[in-house]
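For reference, the structure discussed in these notes is given below.
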Amino acid sequence: MTALLDIRQLNAWYGASQALHGVTLRIEAGEVLALVGRNGSGRSTLARAIMGLVRSEGGLHFAGHALGGLRTFEIARLGLGYVPEQRDVFPTLSVHENLQLGVVPHARARMPRFSFDDAYALFPVLRERKRTRAGALSGGEQQMLTLARSLLGDPDLLVIDEPGEGLASQVIAQVAQCLRMLRDRGVAMLLIEQRLVIAQDIASRVAVMGHGEIVFDGELAVFLRRTEVAREWLGMG
């Protein structure tokens, strides 16, 4: 059976410095995979490699399409969404204008699963501030905006880098609610965290990165039993 996202022996570089070393990883349709690891382990680099934002070599396929050589907007049109750690809102545009930019034309013959009403229902504060410039939003509001904007691209798989970073616990709970809704609607996710903060209630599988490699890949329940993995590669316990 072909995986939705199939990564095989992927290497990636920043200039002359190699950051990924033979990464192999699969995500099935509708699956939520948590990718955890210390800072500098290669998690964000893998996300950028998937989206064509860093130089990479190796097998990289999404929904049967080879991603190598494609530009980021072409990858997005295949149904792959990306929520970067830096959030990357357009600060001079309003909240609603940012959401409009999230709508991606797809070749897929189906009605979109997500609407502006969905985005505003998930994050009511965005409806209240729909005419506010995005640069005036708080960090938590910008994270909500970035997530909502990605929904309007109707992704089959969403790559989310550190969704709870720097957010208050109440906002993290709202973000987690959004991700559960996505999972329940059949959206697969690669959920990147330093530790299992949000992912422990959403993901079914965990992969651990260390030194640019996958050092563990297994079911969440198995990972929770493998305390030596968390201790060595995450500094937990």
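If you're wondering about the labels, chains in the structure tokens are A, B, ... by order shown, residues count from 1 in each chain, ligands from 1 in order shown.
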Spatial neighbours of Thr45 in chain A, max dist 8 Å, only C-alpha atoms, sep filter under 2 positions, as a VMD selection string | chain A and resid 12 19 to 20 42 to 43 47 to 49 54
Would you list, as JSON, numbers by chain, the residues of chain A that end up in strand (DSSP E or B) under DSSP run on this structure's backbone?
-> {"A": [5, 6, 7, 8, 9, 10, 11, 12, 13, 14, 17, 18, 19, 20, 21, 22, 23, 24, 25, 26, 27, 32, 33, 34, 35, 36, 55, 56, 57, 58, 59, 60, 61, 62, 65, 66, 80, 81, 82, 83, 94, 133, 157, 158, 159, 160, 161, 188, 189, 190, 191, 192, 193, 205, 206, 207, 208, 209, 210, 213, 214, 215, 216, 217, 218, 219]}
Can you pull out the residues contacting Thr92 in chain A? Cut-off 10 Å, using only C-alpha atoms, and skip same-chain residues under 4 positions away; I want them as a CSV table (one decimal) with N, CA and C atoms, in the first residue's frame.
chain,number,residue,atom,x,y,z
A,97,GLU,N,-7.8,39.2,4.9
A,97,GLU,CA,-6.9,39.1,3.7
A,97,GLU,C,-5.9,38.0,3.8
A,98,ASN,N,-5.3,37.8,5.0
A,98,ASN,CA,-4.4,36.7,5.2
A,98,ASN,C,-5.1,35.3,4.9
A,132,THR,N,-8.5,43.7,11.4
A,132,THR,CA,-7.2,44.2,12.0
A,132,THR,C,-6.0,43.7,11.2
A,133,ARG,N,-5.0,44.5,11.2
A,133,ARG,CA,-3.8,44.1,10.5
A,133,ARG,C,-3.1,42.9,11.3
A,134,ALA,N,-2.7,42.0,10.6
A,134,ALA,CA,-2.1,40.8,11.2
A,134,ALA,C,-0.9,41.1,12.1
A,135,GLY,N,-0.1,42.1,11.7
A,135,GLY,CA,1.0,42.4,12.5
A,135,GLY,C,0.7,43.0,13.9
A,136,ALA,N,-0.6,43.4,14.1
A,136,ALA,CA,-1.0,43.9,15.4
A,136,ALA,C,-1.5,42.8,16.3
Residues at most 8 Å from Pro163 in chain A, counting only C-alpha atoms, excluding those fewer than 4 positions away in the same chain, as a ChimeraX atom specification?
-> /A:83,85,143,172,175,192-193
Would you mind listing, for every residue of range 51-98 of chain A within 8 Å of range 6-9 of chain A, the two atoms forming the shortest contact and the distance between them in Å to one decimal, using only C-alpha atoms, sorted by chain and ascending residue number, as a Markdown table?
| residue | atom | partner | partner_atom | distance |
| --- | --- | --- | --- | --- |
| A:Gly58 | CA | A:Gln9 | CA | 5.4 |
| A:Gly59 | CA | A:Arg8 | CA | 4.6 |
| A:Leu60 | CA | A:Ile7 | CA | 4.7 |
| A:His61 | CA | A:Asp6 | CA | 5.1 |
| A:Phe62 | CA | A:Asp6 | CA | 6.4 |
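The smallest atom-to-atom distance between Gly212 in chain A and any of A:Leu179, A:Ala29, A:Val36, A:Ala3, using only C-alpha atoms, is found for A:Val36.
Comparing A:Ala76, A:Leu33, A:Leu5, A:Val23 by their smallest distance to Glu219 in chain A, the closest is A:Leu33 (using only C-alpha atoms).
Here CA of Gly139 in chain A is placed at a distance of 7.2 Å from CA of Leu167 in chain A.
From CA of Arg77 in chain A back to CA of Leu25 in chain A, the distance works out to 21.8 Å.
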Identify, on the basis of only C-alpha atoms, every residue whose closest approach to Ser138 in chain A does not exceed 12 Å; exclude the query and any residue fewer than 4 positions from it along the same chain; express the result as number ranges by chain.
-> A: 87, 89, 91, 125-126, 129, 132-134, 142-145, 166-168, 171
Write out as a count of residues only each polymer residue whose atoms come within 9 Å of range 180-183 of chain A, counting only C-alpha atoms; drop sequence neighbours fewer than 3 positions from it.
-> 13
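One distance worth recording is that between CA of Val206 in chain A and CA of Met51 in chain A, which is 20.7 Å.
Between Lys130 in chain A and the residues A:Arg149, A:Arg113, A:Arg226, A:His96, the shortest atom-to-atom distance, using only C-alpha atoms, involves A:His96.
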